[in-house]
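*Asks:* Sharing a structure below in structure tokens format, with a few things to ask.
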Amino acid sequence: MPQYEYFAVVTPARPRPEDPGVMLRRWVDENGQVREESFMTQLAWVPSSVLTSSAVSSSDVHRVDEQAAVRFENAVRDQVSRGVTFDGRPYSYLAWLDGSTVDDPSGVLRTWTTEHGGEREERYHPGTGWRDSYIREDWQRGRYDGTFEPIDRATAERIIERWERRQPPAVS
């Protein structure tokens, strides 16, 4: 089992290591490679390069213990279950209709306004969850067809549940 090191990354909106904007973990794999992951709203640890990038100042990175990482994970899980972003902003949901219907759309998006007033979106991918998306931006540039129909959270959850049931069982 890997020995993880955990790091809290503070941001202007979340300046305290006890309540960071980002949580990272780092370990060395069986081949001697240093690996880094961040815990995301997909509720999973995903590959990251925050610690090795120049985008984050070393003064913004704080080593924390495993309990701090577990608290962060639980806070993110709670916010996702309540249908709000990490900083408490509500999500709006859209069905992307491209030759499809609201009952079985081409995609389900959730959108929100960031702390700086920008628009963000994620698209749901069966089997892997919510992922960053730029479909509306690509649509505006003519790269995609279709329309976007506002839906409520309950409708989005019903669609996602149906999609997940269609997923083939995992091979062990």
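The chains in the structure tokens are called A, B, ... from first to last as shown; in each chain the residues are counted from 1, and the ligands are counted from 1 in the order shown.
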Near region 164-166 of chain A, counting only C-alpha atoms, which residues have an atom at most 12 Å away, once you skip same-chain residues fewer than 6 positions from it, shown as JSON, numbers by chain?
*Replies:* {"A": [124, 125, 126, 127, 128, 129, 157, 158]}
*Asks:* Running DSSP on the backbone, which parts of region 36-152 of chain A land in alpha helix (DSSP H), as a PyMOL selection string?
*Replies:* chain A and resi 66-82+135-140
*Asks:* Quick one: distance from CA of Pro15 (chain A) to CA of Asp132 (chain A) in Å, one decimal?
*Replies:*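 We find that CA of Pro15 (chain A) and CA of Asp132 (chain A) lie 23.9 Å from each other.
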*Asks:* Can you pull out the residues contacting Met40 (chain A)? Cut-off 12 Å, using only C-alpha atoms, and skip same-chain residues under 2 positions away; I want them as a ChimeraX atom specification.
*Replies:* /A:21-25,37-38,42-48,69,72-77,79-80,85-86,122,128-132
*Asks:* For the residues selected in the previous step, produce a file with N, CA and C atoms as a short mmCIF file (atom, residue, chain, number, x, y, z; two decimals), in the first residue's frame.
*Replies:*
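New file result01.cif:
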data_model
loop_
_atom_site.label_atom_id
_atom_site.label_comp_id
_atom_site.auth_asym_id
_atom_site.auth_seq_id
_atom_site.Cartn_x
_atom_site.Cartn_y
_atom_site.Cartn_z
N GLY A 21 -8.56 25.28 -0.68
CA GLY A 21 -9.23 25.23 -1.97
C GLY A 21 -8.96 23.93 -2.70
N VAL A 22 -7.81 23.31 -2.44
CA VAL A 22 -7.41 22.08 -3.12
C VAL A 22 -6.72 21.16 -2.12
N MET A 23 -6.97 19.85 -2.26
CA MET A 23 -6.26 18.86 -1.46
C MET A 23 -5.51 17.93 -2.42
N LEU A 24 -4.23 17.73 -2.12
CA LEU A 24 -3.37 16.88 -2.96
C LEU A 24 -2.79 15.75 -2.14
N ARG A 25 -2.41 14.69 -2.84
CA ARG A 25 -1.62 13.65 -2.20
C ARG A 25 -0.52 13.23 -3.17
N GLU A 37 -1.95 13.36 -6.99
CA GLU A 37 -3.38 13.39 -7.30
C GLU A 37 -4.04 14.50 -6.49
N SER A 38 -5.17 14.95 -7.01
CA SER A 38 -6.00 15.89 -6.25
C SER A 38 -7.40 15.29 -6.13
N GLN A 42 -15.58 14.99 -8.72
CA GLN A 42 -15.99 13.69 -9.24
C GLN A 42 -15.95 12.67 -8.11
N LEU A 43 -15.53 13.13 -6.91
CA LEU A 43 -15.43 12.31 -5.70
C LEU A 43 -14.39 11.21 -5.86
N ALA A 44 -13.30 11.57 -6.49
CA ALA A 44 -12.21 10.62 -6.69
C ALA A 44 -10.88 11.39 -6.71
N TRP A 45 -9.82 10.66 -6.39
CA TRP A 45 -8.47 11.20 -6.54
C TRP A 45 -8.08 11.03 -8.00
N VAL A 46 -7.72 12.14 -8.65
CA VAL A 46 -7.37 12.11 -10.07
C VAL A 46 -5.96 12.68 -10.26
N PRO A 47 -5.25 12.25 -11.32
CA PRO A 47 -3.88 12.74 -11.54
C PRO A 47 -3.83 14.27 -11.57
N SER A 48 -2.76 14.80 -11.03
CA SER A 48 -2.60 16.25 -10.90
C SER A 48 -1.12 16.59 -11.11
N ALA A 69 -7.03 15.33 5.11
CA ALA A 69 -7.47 14.93 3.76
C ALA A 69 -8.84 14.27 3.83
N PHE A 72 -11.46 16.90 4.25
CA PHE A 72 -11.67 17.57 2.96
C PHE A 72 -12.56 16.71 2.06
N GLU A 73 -12.23 15.42 1.93
CA GLU A 73 -13.04 14.51 1.11
C GLU A 73 -14.49 14.52 1.58
N ASN A 74 -14.70 14.42 2.88
CA ASN A 74 -16.07 14.39 3.42
C ASN A 74 -16.80 15.69 3.14
N ALA A 75 -16.10 16.82 3.23
CA ALA A 75 -16.73 18.12 2.96
C ALA A 75 -17.14 18.20 1.48
N VAL A 76 -16.27 17.73 0.59
CA VAL A 76 -16.61 17.75 -0.84
C VAL A 76 -17.79 16.83 -1.11
N ARG A 77 -17.77 15.62 -0.54
CA ARG A 77 -18.90 14.68 -0.71
C ARG A 77 -20.20 15.30 -0.22
N GLN A 79 -20.99 18.53 0.03
CA GLN A 79 -21.42 19.61 -0.86
C GLN A 79 -21.98 19.07 -2.16
N VAL A 80 -21.35 18.04 -2.71
CA VAL A 80 -21.85 17.45 -3.95
C VAL A 80 -23.23 16.85 -3.70
N THR A 85 -21.63 23.86 -5.19
CA THR A 85 -20.21 23.82 -5.49
C THR A 85 -19.43 23.83 -4.18
N PHE A 86 -18.11 23.67 -4.29
CA PHE A 86 -17.26 23.62 -3.12
C PHE A 86 -17.38 24.88 -2.27
N GLU A 122 -19.66 21.40 -16.03
CA GLU A 122 -19.19 20.03 -16.03
C GLU A 122 -20.23 19.19 -16.76
N THR A 128 -17.84 7.41 -14.87
CA THR A 128 -16.74 8.20 -14.29
C THR A 128 -17.19 9.45 -13.57
N GLY A 129 -18.41 9.92 -13.81
CA GLY A 129 -18.93 11.07 -13.08
C GLY A 129 -18.77 12.40 -13.80
N TRP A 130 -18.76 13.46 -13.00
CA TRP A 130 -18.71 14.82 -13.53
C TRP A 130 -17.28 15.17 -13.94
N ARG A 131 -17.14 15.75 -15.14
CA ARG A 131 -15.84 16.16 -15.66
C ARG A 131 -15.97 17.56 -16.26
N ASP A 132 -14.85 18.32 -16.20
CA ASP A 132 -14.85 19.64 -16.81
C ASP A 132 -15.33 19.54 -18.25
#
*Asks:* Measure the distance from CA of Val61 (chain A) to CA of Arg110 (chain A) in Å and round it to one decimal.
*Replies:* 29.3 Å
*Asks:* I'd like to know which of A:Thr147, A:Thr11, A:Gln33, A:Gln3 is closest to Asp98 (chain A), using only C-alpha atoms.
*Replies:*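 Of A:Thr147, A:Thr11, A:Gln33, A:Gln3, the one nearest Asp98 (chain A), counting only C-alpha atoms, is A:Thr147.
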*Asks:* Between A:Arg89, A:Arg71, A:Arg26, A:Arg153, single out the one closest to Leu51 (chain A), counting only C-alpha atoms.
*Replies:*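 The answer is A:Arg26, which sits nearest to Leu51 (chain A).
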*Asks:* Please identify all polymer residues within 9 Å of Tyr4 (chain A), counting only C-alpha atoms, omitting same-chain residues fewer than 2 positions from it, and present them as a VMD selection string.
*Replies:* chain A and resid 2 6 25 to 28 66
*Asks:* Would you save the residues of that selection, restricted to C-alpha atoms, as a short mmCIF file (atom, residue, chain, number, x, y, z; two decimals), in the first residue's frame?
*Replies:*
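This went into selection_16.cif:
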data_model
loop_
_atom_site.label_atom_id
_atom_site.label_comp_id
_atom_site.auth_asym_id
_atom_site.auth_seq_id
_atom_site.Cartn_x
_atom_site.Cartn_y
_atom_site.Cartn_z
CA PRO A 2 1.40 3.43 -0.93
CA TYR A 6 -0.99 15.10 1.87
CA ARG A 25 -1.62 13.65 -2.20
CA ARG A 26 1.75 12.41 -3.38
CA TRP A 27 3.41 8.97 -3.25
CA VAL A 28 6.05 6.85 -4.95
CA GLU A 66 -4.36 12.06 6.54
#
